[in-house]
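K.L.:
This is structure22.cif, which holds mmCIF, C-alpha atoms:
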```cif
data_query
loop_
_atom_site.label_atom_id
_atom_site.label_comp_id
_atom_site.auth_asym_id
_atom_site.auth_seq_id
_atom_site.Cartn_x
_atom_site.Cartn_y
_atom_site.Cartn_z
CA MET A 278 0.00 0.00 0.00
CA ALA A 279 1.27 3.52 -0.78
CA SER A 280 2.33 5.48 2.28
CA PRO A 281 0.63 8.83 3.00
CA SER A 282 3.84 10.62 1.97
CA ASP A 283 3.25 9.37 -1.60
CA HIS A 284 -0.05 11.26 -1.81
CA LYS A 285 -0.28 13.71 -4.68
CA ALA A 286 -3.19 16.12 -5.09
CA THR A 287 -5.05 16.25 -8.40
CA ILE A 288 -3.92 19.39 -10.21
CA ILE A 289 -6.83 21.52 -11.44
CA ASP A 290 -5.63 22.74 -14.83
CA GLY A 291 -7.15 26.21 -15.16
CA LYS A 292 -5.54 26.71 -18.56
CA ALA A 293 -7.23 23.62 -20.03
CA ILE A 294 -10.63 24.37 -18.45
CA ALA A 295 -10.41 28.00 -19.68
CA GLN A 296 -9.60 26.73 -23.18
CA THR A 297 -12.75 24.54 -23.16
CA ILE A 298 -14.84 27.55 -22.10
CA ARG A 299 -13.26 29.72 -24.80
CA SER A 300 -14.19 27.12 -27.44
CA GLU A 301 -17.78 27.14 -26.18
CA ILE A 302 -17.82 30.96 -26.39
CA ALA A 303 -16.29 30.96 -29.90
CA SER A 304 -19.04 28.72 -31.27
CA GLU A 305 -21.74 30.90 -29.65
CA VAL A 306 -20.15 34.06 -31.12
CA GLN A 307 -20.16 32.39 -34.55
CA ARG A 308 -23.84 31.45 -34.12
CA LEU A 309 -24.77 35.07 -33.24
CA SER A 310 -22.78 36.34 -36.19
CA GLU A 311 -24.46 33.94 -38.66
CA LYS A 312 -27.98 34.33 -37.30
CA TYR A 313 -28.10 38.06 -36.48
CA GLY A 314 -25.05 39.52 -38.26
CA LYS A 315 -23.83 40.89 -34.92
CA VAL A 316 -21.00 39.96 -32.55
CA PRO A 317 -20.35 40.79 -28.88
CA GLY A 318 -18.34 43.98 -28.24
CA LEU A 319 -16.05 44.62 -25.27
CA ALA A 320 -14.64 48.06 -24.43
CA VAL A 321 -11.52 48.14 -22.28
CA VAL A 322 -10.63 51.48 -20.70
CA ILE A 323 -7.10 51.90 -19.40
CA VAL A 324 -5.76 55.03 -17.73
CA GLY A 325 -2.01 55.62 -17.56
CA ASN A 326 0.80 53.21 -18.33
CA ARG A 327 1.25 50.81 -15.41
CA LYS A 328 3.14 47.82 -16.78
CA ASP A 329 0.95 45.20 -15.05
CA SER A 330 -2.28 46.89 -16.19
CA GLN A 331 -0.94 47.16 -19.75
CA SER A 332 -0.14 43.45 -19.90
CA TYR A 333 -3.57 42.47 -18.47
CA VAL A 334 -5.30 44.71 -20.99
CA ASN A 335 -3.26 43.35 -23.92
CA MET A 336 -4.15 39.82 -22.86
CA LYS A 337 -7.86 40.71 -22.77
CA ARG A 338 -7.71 42.41 -26.18
CA LYS A 339 -5.82 39.47 -27.72
CA SER A 340 -8.43 37.06 -26.33
CA CYS A 341 -11.23 39.11 -27.92
CA ALA A 342 -9.50 38.90 -31.31
CA GLU A 343 -9.11 35.12 -31.01
CA LEU A 344 -12.84 34.64 -30.33
CA CYS A 345 -14.03 37.23 -32.89
CA ILE A 346 -15.36 39.51 -30.14
CA LYS A 347 -15.09 43.13 -31.23
CA SER A 348 -12.66 45.07 -29.06
CA PHE A 349 -13.00 48.80 -28.37
CA ASP A 350 -9.72 50.21 -27.07
CA ILE A 351 -9.82 53.35 -24.92
CA ASP A 352 -6.34 54.40 -23.79
CA LEU A 353 -6.25 57.55 -21.68
CA PRO A 354 -3.21 59.42 -20.31
CA GLU A 355 -2.20 59.19 -16.62
CA ASP A 356 -3.19 62.84 -15.95
CA VAL A 357 -6.64 62.65 -17.58
CA ALA A 358 -9.41 64.43 -15.64
CA GLU A 359 -11.97 62.29 -13.82
CA ALA A 360 -14.78 64.00 -15.77
CA GLU A 361 -13.11 62.93 -19.03
CA VAL A 362 -13.05 59.25 -17.93
CA ILE A 363 -16.71 59.45 -16.93
CA SER A 364 -17.65 61.05 -20.24
CA LYS A 365 -15.87 58.20 -22.10
CA VAL A 366 -17.88 55.70 -20.02
CA HIS A 367 -21.10 57.52 -20.95
CA GLU A 368 -20.14 57.34 -24.64
CA LEU A 369 -19.61 53.59 -24.36
CA ASN A 370 -22.90 53.19 -22.46
CA ALA A 371 -24.65 54.79 -25.44
CA ASN A 372 -22.86 52.71 -28.10
CA PRO A 373 -25.13 49.79 -29.12
CA ASP A 374 -22.16 47.75 -30.43
CA VAL A 375 -20.56 47.71 -26.97
CA HIS A 376 -22.03 45.00 -24.71
CA GLY A 377 -19.40 45.07 -22.00
CA ILE A 378 -17.34 47.87 -20.44
CA LEU A 379 -14.28 47.17 -18.35
CA VAL A 380 -12.30 49.89 -16.58
CA GLN A 381 -8.88 48.48 -15.71
CA LEU A 382 -8.10 48.98 -12.01
CA PRO A 383 -6.33 50.50 -10.19
CA LEU A 384 -7.00 54.00 -11.48
CA PRO A 385 -4.58 56.87 -10.75
CA LYS A 386 -4.94 58.41 -7.25
CA HIS A 387 -6.73 61.57 -8.42
CA ILE A 388 -9.65 59.58 -9.86
CA ASN A 389 -12.42 58.26 -7.63
CA GLU A 390 -12.74 54.58 -8.55
CA GLU A 391 -16.21 54.11 -7.04
CA LYS A 392 -17.58 57.15 -8.85
CA VAL A 393 -16.32 55.88 -12.22
CA LEU A 394 -17.54 52.30 -11.72
CA CYS A 395 -21.02 53.51 -10.70
CA GLU A 396 -21.32 55.28 -14.07
CA ILE A 397 -21.01 52.01 -16.04
CA SER A 398 -24.41 50.89 -17.29
CA LEU A 399 -25.67 47.93 -15.23
CA GLU A 400 -26.33 45.99 -18.44
CA LYS A 401 -22.67 46.41 -19.51
CA ASP A 402 -20.96 45.87 -16.15
CA VAL A 403 -19.05 42.74 -17.23
CA ASP A 404 -16.67 43.05 -14.25
CA GLY A 405 -19.69 42.65 -11.96
CA PHE A 406 -18.52 45.43 -9.60
CA HIS A 407 -21.50 47.78 -9.85
CA PRO A 408 -23.00 48.14 -6.34
CA LEU A 409 -26.36 46.94 -7.69
CA ASN A 410 -24.83 43.76 -9.13
CA ILE A 411 -22.96 43.08 -5.87
CA GLY A 412 -26.13 43.88 -3.90
CA LYS A 413 -28.15 41.32 -5.85
CA LEU A 414 -25.36 38.79 -5.42
CA ALA A 415 -25.68 39.28 -1.64
CA MET A 416 -29.45 38.70 -1.61
CA LYS A 417 -31.19 35.36 -1.51
CA GLY A 418 -33.39 34.67 -4.52
CA ARG A 419 -31.90 37.52 -6.58
CA GLN A 420 -29.51 37.13 -9.50
CA PRO A 421 -27.07 39.83 -10.58
CA LEU A 422 -26.77 40.48 -14.32
CA PHE A 423 -23.06 39.64 -14.02
CA ASN A 424 -20.92 37.88 -11.44
CA PRO A 425 -17.36 39.19 -10.89
CA CYS A 426 -14.92 37.32 -13.13
CA THR A 427 -12.33 35.87 -10.72
CA PRO A 428 -14.91 34.59 -8.17
CA LYS A 429 -17.02 33.16 -11.01
CA GLY A 430 -13.86 31.44 -12.33
CA CYS A 431 -13.19 29.89 -8.91
CA ILE A 432 -16.67 28.34 -8.77
CA GLU A 433 -16.40 27.15 -12.38
CA LEU A 434 -13.07 25.40 -11.58
CA LEU A 435 -14.74 23.51 -8.71
CA VAL A 436 -17.84 22.60 -10.73
CA ARG A 437 -15.95 21.47 -13.84
CA SER A 438 -13.58 19.39 -11.69
CA GLY A 439 -16.58 17.52 -10.27
CA ILE A 440 -16.13 18.93 -6.74
CA SER A 441 -19.47 19.31 -4.99
CA ILE A 442 -20.03 22.53 -3.04
CA LYS A 443 -23.46 21.98 -1.47
CA GLY A 444 -23.28 21.46 2.30
CA LYS A 445 -19.46 21.68 2.34
CA ASN A 446 -17.39 23.82 4.72
CA ALA A 447 -15.78 26.53 2.60
CA VAL A 448 -13.20 28.93 3.97
CA VAL A 449 -12.34 32.08 2.04
CA VAL A 450 -9.03 33.65 3.03
CA GLY A 451 -9.22 37.40 2.30
CA ARG A 452 -12.13 39.82 2.13
CA SER A 453 -11.36 42.11 -0.82
CA ASN A 454 -14.17 43.58 -2.92
CA ILE A 455 -12.65 41.97 -6.02
CA VAL A 456 -12.33 38.35 -4.82
CA GLY A 457 -12.84 37.49 -1.15
CA LEU A 458 -16.21 39.10 -0.55
CA PRO A 459 -17.93 38.14 -3.85
CA VAL A 460 -16.55 34.57 -3.85
CA SER A 461 -17.93 34.05 -0.33
CA LEU A 462 -21.36 35.25 -1.55
CA LEU A 463 -21.19 32.92 -4.59
CA LEU A 464 -20.28 29.94 -2.37
CA LEU A 465 -23.26 30.81 -0.17
CA LYS A 466 -25.51 30.79 -3.26
CA GLU A 467 -24.11 27.30 -4.00
CA ASP A 468 -25.23 26.19 -0.49
CA ALA A 469 -21.79 25.97 1.12
CA THR A 470 -21.28 26.86 4.78
CA VAL A 471 -18.92 29.82 4.46
CA THR A 472 -16.33 31.31 6.81
CA VAL A 473 -14.22 34.34 5.85
CA VAL A 474 -10.75 34.52 7.37
CA HIS A 475 -8.95 37.89 7.29
CA SER A 476 -6.05 39.82 8.84
CA ARG A 477 -7.90 40.27 12.17
CA THR A 478 -8.94 36.60 12.48
CA LYS A 479 -7.62 34.80 15.56
CA GLU A 480 -6.01 31.38 14.88
CA PRO A 481 -6.69 31.28 11.14
CA GLU A 482 -4.98 27.89 10.73
CA LYS A 483 -7.50 26.29 13.10
CA ILE A 484 -10.41 27.54 10.95
CA ILE A 485 -8.73 26.70 7.63
CA ARG A 486 -8.03 23.14 8.84
CA GLU A 487 -11.80 22.53 9.03
CA ALA A 488 -12.36 23.45 5.37
CA ASP A 489 -13.46 21.05 2.62
CA ILE A 490 -12.91 23.93 0.16
CA ILE A 491 -10.29 26.66 0.56
CA ILE A 492 -10.28 29.80 -1.58
CA ALA A 493 -7.00 31.60 -0.88
CA ALA A 494 -7.12 35.28 -1.84
CA ALA A 495 -5.11 37.13 0.78
CA GLY A 496 -2.16 38.32 -1.32
CA GLN A 497 0.36 36.78 1.12
CA ALA A 498 3.01 34.56 -0.47
CA MET A 499 2.78 30.92 0.70
CA MET A 500 0.90 31.90 3.86
CA ILE A 501 -1.14 28.68 3.96
CA LYS A 502 1.04 25.73 4.93
CA GLY A 503 0.43 22.07 4.21
CA SER A 504 -0.30 21.46 7.90
CA TRP A 505 -3.20 23.94 7.71
CA ILE A 506 -5.01 21.84 5.12
CA LYS A 507 -7.49 19.06 5.83
CA PRO A 508 -6.59 15.86 3.93
CA GLY A 509 -8.58 15.68 0.68
CA ALA A 510 -9.63 19.35 0.68
CA ALA A 511 -10.02 21.29 -2.58
CA VAL A 512 -7.69 24.30 -2.73
CA ILE A 513 -8.25 27.20 -5.16
CA ASP A 514 -5.28 29.57 -4.96
CA VAL A 515 -6.07 33.05 -6.26
CA GLY A 516 -2.83 34.59 -4.98
CA THR A 517 -0.20 35.85 -7.43
CA ASN A 518 2.86 36.99 -5.51
CA ALA A 519 6.32 37.75 -6.87
CA VAL A 520 9.16 36.32 -4.73
CA ASP A 521 12.88 36.82 -5.33
CA ASP A 522 14.51 34.02 -7.30
CA PRO A 523 18.08 34.67 -8.46
CA THR A 524 18.01 31.52 -10.63
CA ARG A 525 15.40 33.15 -12.91
CA LYS A 526 16.29 35.56 -15.68
CA SER A 527 13.64 37.97 -14.39
CA GLY A 528 15.03 37.68 -10.85
CA TYR A 529 11.66 36.55 -9.45
CA ARG A 530 9.04 33.83 -9.72
CA LEU A 531 5.30 33.82 -9.07
CA VAL A 532 3.86 31.90 -6.14
CA GLY A 533 0.39 31.64 -4.67
CA ASP A 534 -0.99 32.22 -1.18
CA VAL A 535 -0.61 28.47 -0.55
CA ASP A 536 2.65 26.57 -0.15
CA PHE A 537 2.09 24.46 -3.28
CA GLN A 538 4.75 21.77 -2.62
CA GLU A 539 3.46 21.10 0.91
CA ALA A 540 -0.22 21.37 -0.03
CA CYS A 541 0.15 18.80 -2.84
CA LYS A 542 0.95 16.14 -0.22
CA VAL A 543 -2.32 16.74 1.65
CA ALA A 544 -5.01 18.31 -0.54
CA GLY A 545 -7.36 16.35 -2.79
CA TRP A 546 -7.30 19.02 -5.52
CA ILE A 547 -5.23 22.15 -6.00
CA THR A 548 -4.75 24.91 -8.60
CA PRO A 549 -1.19 25.83 -9.61
CA VAL A 550 0.16 29.40 -9.73
CA PRO A 551 0.43 30.53 -12.46
CA GLY A 552 -1.97 28.57 -14.70
CA GLY A 553 -4.84 28.04 -12.26
CA VAL A 554 -7.24 30.91 -11.64
CA GLY A 555 -5.60 33.50 -13.96
CA PRO A 556 -6.72 32.03 -17.31
CA MET A 557 -10.23 31.52 -15.88
CA THR A 558 -10.61 35.20 -15.02
CA VAL A 559 -10.17 36.22 -18.66
CA ALA A 560 -12.45 33.37 -19.83
CA MET A 561 -15.20 34.55 -17.45
CA LEU A 562 -14.84 38.14 -18.68
CA LEU A 563 -15.42 36.91 -22.24
CA LYS A 564 -18.36 34.76 -21.06
CA ASN A 565 -19.93 37.78 -19.31
CA THR A 566 -19.48 39.83 -22.51
CA LEU A 567 -21.17 37.08 -24.53
CA ASP A 568 -24.07 36.88 -22.04
CA GLY A 569 -24.49 40.68 -22.14
CA ALA A 570 -24.54 40.60 -25.93
CA LYS A 571 -27.06 37.75 -26.07
CA ARG A 572 -29.46 39.67 -23.81
CA VAL A 573 -29.44 42.54 -26.33
CA ILE A 574 -29.08 40.75 -29.66
CA GLU A 575 -31.59 37.93 -29.00
CA LYS A 576 -34.25 40.22 -27.50
#
```
Could the structure of this file be written out as structure tokens, please?
P.N.:
Amino acid sequence: MASPSDHKATIIDGKAIAQTIRSEIASEVQRLSEKYGKVPGLAVVIVGNRKDSQSYVNMKRKSCAELCIKSFDIDLPEDVAEAEVISKVHELNANPDVHGILVQLPLPKHINEEKVLCEISLEKDVDGFHPLNIGKLAMKGRQPLFNPCTPKGCIELLVRSGISIKGKNAVVVGRSNIVGLPVSLLLLKEDATVTVVHSRTKEPEKIIREADIIIAAAGQAMMIKGSWIKPGAAVIDVGTNAVDDPTRKSGYRLVGDVDFQEACKVAGWITPVPGGVGPMTVAMLLKNTLDGAKRVIEK
């Protein structure tokens, strides 16, 4: 019989699952194009020239091109006035060929993020961050028009890996508006029993050790050790942290919020970093854009 030290978690391949979803989207886009002569349109607004934001935006635009989704590129300078950003958003709200609007965060300090996001039309809020979409997500029996992309990707990874959520103990590590909070609400909608662990939580390892499902989204490199994980648990690692690595040409490597090597010896399933949640986030953005387009085009 194999000893427990030989245990190896099943790797959840986010790249492969995202590719399957992208193929499903591509065939739907083709169907819309053939039947109605229209395709989904996604507008991406970027302010300034942050390297990380630029690379995210390029990835999103490239993905649109691959799936024949029309991309509207709005690149604004770092010192643009807040009113100018809002007026661009209003223009996109009024454009019938745009079905999704994404404002790449973070915005420069002089622009009020909340104010800008609230101006995006509810029907085009493909990021799912409009207070009304989040509000509906928080309410029983209500459905938002869009769920936020990364949390939606986390749930999709569990579902498509055959991991049941109903009645399970789920622990979300982190309470950000972008991942922690909305993913805890989505898990609740899927009938999990949800606990949120955050920086003020006493004895987090004790709580995490009870979890059948762990969603790690704290932004702390390798914070969750193998000993914190219940044998057989499903671990979705949202963290993307750069740590120094002199053996790499770049001088760093990316790690998650979970100690991957240790966790593999205990968990039942685990996502790698990179290649786990990242590709799913973009796939869910494209899926939200498709859903927004279908609501308009198939009316």
K.L.:
Neighbouring residues of segment 542-554 of chain A were defined as those with any atom within 7 Å, considering all atoms listed in the file; residues of the same chain fewer than 2 positions away were excluded. Please report them as a ChimeraX atom specification.
P.N.:
/A:282,284-292,430-431,503,506-515,517,531-533,539-540,556-558
K.L.:
Restricting the calculation to only C-alpha atoms, which member of A:Ile455, A:Val322, A:Val520, A:Cys345 is positioned closest to Arg308 of chain A?
P.N.:
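For Arg308 of chain A, the nearest of the candidates is A:Cys345.
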K.L.:
Smallest atom-to-atom distance to Glu359 of chain A: which of A:Ile442, A:Ile388, A:Leu399, A:Leu344, using only C-alpha atoms?
P.N.:
A:Ile388
K.L.:
Under the PyMOL selection byres ((chain A and resi 467) around 10), which residues of this model are included? Write them out as a PDB file with C-alpha atoms, in the coordinates of the input.
P.N.:
```
ATOM      1  CA  ILE A 432     -16.670  28.340  -8.770  1.00  0.00           C
ATOM      2  CA  SER A 441     -19.470  19.310  -4.990  1.00  0.00           C
ATOM      3  CA  ILE A 442     -20.030  22.530  -3.040  1.00  0.00           C
ATOM      4  CA  LYS A 443     -23.460  21.980  -1.470  1.00  0.00           C
ATOM      5  CA  GLY A 444     -23.280  21.460   2.300  1.00  0.00           C
ATOM      6  CA  LYS A 445     -19.460  21.680   2.340  1.00  0.00           C
ATOM      7  CA  SER A 461     -17.930  34.050  -0.330  1.00  0.00           C
ATOM      8  CA  LEU A 462     -21.360  35.250  -1.550  1.00  0.00           C
ATOM      9  CA  LEU A 463     -21.190  32.920  -4.590  1.00  0.00           C
ATOM     10  CA  LEU A 464     -20.280  29.940  -2.370  1.00  0.00           C
ATOM     11  CA  LEU A 465     -23.260  30.810  -0.170  1.00  0.00           C
ATOM     12  CA  LYS A 466     -25.510  30.790  -3.260  1.00  0.00           C
ATOM     13  CA  ASP A 468     -25.230  26.190  -0.490  1.00  0.00           C
ATOM     14  CA  ALA A 469     -21.790  25.970   1.120  1.00  0.00           C
ATOM     15  CA  THR A 470     -21.280  26.860   4.780  1.00  0.00           C
TER      16      THR A 470
END
```
K.L.:
What is the distance between atom CA of Asn410 of chain A and atom CA of Asn518 of chain A, in Å to one decimal?
P.N.:
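According to the coordinates, atom CA of Asn410 of chain A and atom CA of Asn518 of chain A are separated by 28.7 Å.
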K.L.:
Please determine, counting only C-alpha atoms, which residue among A:Ile397, A:Val403, A:Ile294, A:Leu384 has the shortest atom-to-atom distance to Leu562 of chain A.
P.N.:
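Answer, going by the shortest atom-to-atom distance: A:Val403.
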K.L.:
In Å to one decimal, how far is atom CA of Gln497 of chain A from atom CA of Lys483 of chain A?
P.N.:
17.8 Å
K.L.:
Would you kindly translate the PyMOL selection byres ((chain A and resi 300) around 12) into the concrete residues it picks from this file, as an NGL selection string?
P.N.:
:A and (293-299 or 301-307 or 340 or 343-345 or 560 or 563-564)
K.L.:
Rank nothing, just name the residue among A:Gly377, A:Gly314, A:Gly569, A:Gly516 nearest to Ala495 of chain A, using only C-alpha atoms.
P.N.:
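Of A:Gly377, A:Gly314, A:Gly569, A:Gly516, the one nearest Ala495 of chain A, counting only C-alpha atoms, is A:Gly516.
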K.L.:
Mind pulling up the distance from atom CA of Ala371 of chain A to atom CA of Gly405 of chain A?
P.N.:
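Separating atom CA of Gly405 of chain A from atom CA of Ala371 of chain A is a distance of 18.8 Å.
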K.L.:
Determine the residue set returned by the PyMOL selection byres ((chain A and resi 402) around 10) for the present structure, and present it as a list in words.
P.N.:
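Given this file, the PyMOL selection byres ((chain A and resi 402) around 10) evaluates to Asn370, His376, Gly377, Ile378, Leu379, Val380, Leu394, Cys395, Glu396, Ile397, Ser398, Leu399, Glu400, Lys401, Val403, Asp404, Gly405, Phe406, His407, Asn410, Leu422, Phe423, Asn424, Pro425, Asn565, Thr566 and Gly569 of chain A.
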K.L.:
Using only C-alpha atoms, which residue out of A:Val474, A:Ala320, A:Leu567, A:Met499 lies closest to Asn372 of chain A?
P.N.:
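Smallest distance to Asn372 of chain A is found for A:Ala320.
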K.L.:
Could you give me, as a count of residues only, the residues within 10 Å of Lys502 of chain A, counting all atoms listed in the file and dropping anything in the same chain fewer than 5 positions from it?
P.N.:
8
K.L.:
Considering all atoms listed in the file, state which residue in the set A:Ala447, A:Ile346, A:Ala415, A:Ala358 is at the smallest distance from Val393 of chain A.
P.N.:
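For Val393 of chain A, the nearest of the candidates is A:Ala358.
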K.L.:
So that I can look at just that part, could you write segment 406-429 of chain A with C-alpha atoms, as a PDB file, in the first residue's frame?
P.N.:
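Here's the written file part-v7.pdb:
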```
ATOM      1  CA  PHE A 406     -18.521  45.429  -9.598  1.00  0.00           C
ATOM      2  CA  HIS A 407     -21.502  47.785  -9.850  1.00  0.00           C
ATOM      3  CA  PRO A 408     -22.999  48.140  -6.342  1.00  0.00           C
ATOM      4  CA  LEU A 409     -26.364  46.937  -7.685  1.00  0.00           C
ATOM      5  CA  ASN A 410     -24.827  43.757  -9.125  1.00  0.00           C
ATOM      6  CA  ILE A 411     -22.956  43.084  -5.871  1.00  0.00           C
ATOM      7  CA  GLY A 412     -26.129  43.885  -3.899  1.00  0.00           C
ATOM      8  CA  LYS A 413     -28.154  41.322  -5.853  1.00  0.00           C
ATOM      9  CA  LEU A 414     -25.357  38.794  -5.416  1.00  0.00           C
ATOM     10  CA  ALA A 415     -25.685  39.282  -1.645  1.00  0.00           C
ATOM     11  CA  MET A 416     -29.453  38.703  -1.612  1.00  0.00           C
ATOM     12  CA  LYS A 417     -31.188  35.361  -1.508  1.00  0.00           C
ATOM     13  CA  GLY A 418     -33.391  34.668  -4.521  1.00  0.00           C
ATOM     14  CA  ARG A 419     -31.904  37.525  -6.582  1.00  0.00           C
ATOM     15  CA  GLN A 420     -29.512  37.134  -9.502  1.00  0.00           C
ATOM     16  CA  PRO A 421     -27.067  39.829 -10.583  1.00  0.00           C
ATOM     17  CA  LEU A 422     -26.769  40.480 -14.320  1.00  0.00           C
ATOM     18  CA  PHE A 423     -23.055  39.644 -14.019  1.00  0.00           C
ATOM     19  CA  ASN A 424     -20.920  37.879 -11.436  1.00  0.00           C
ATOM     20  CA  PRO A 425     -17.363  39.189 -10.885  1.00  0.00           C
ATOM     21  CA  CYS A 426     -14.917  37.317 -13.125  1.00  0.00           C
ATOM     22  CA  THR A 427     -12.334  35.871 -10.724  1.00  0.00           C
ATOM     23  CA  PRO A 428     -14.906  34.592  -8.173  1.00  0.00           C
ATOM     24  CA  LYS A 429     -17.017  33.164 -11.009  1.00  0.00           C
TER      25      LYS A 429
END
```
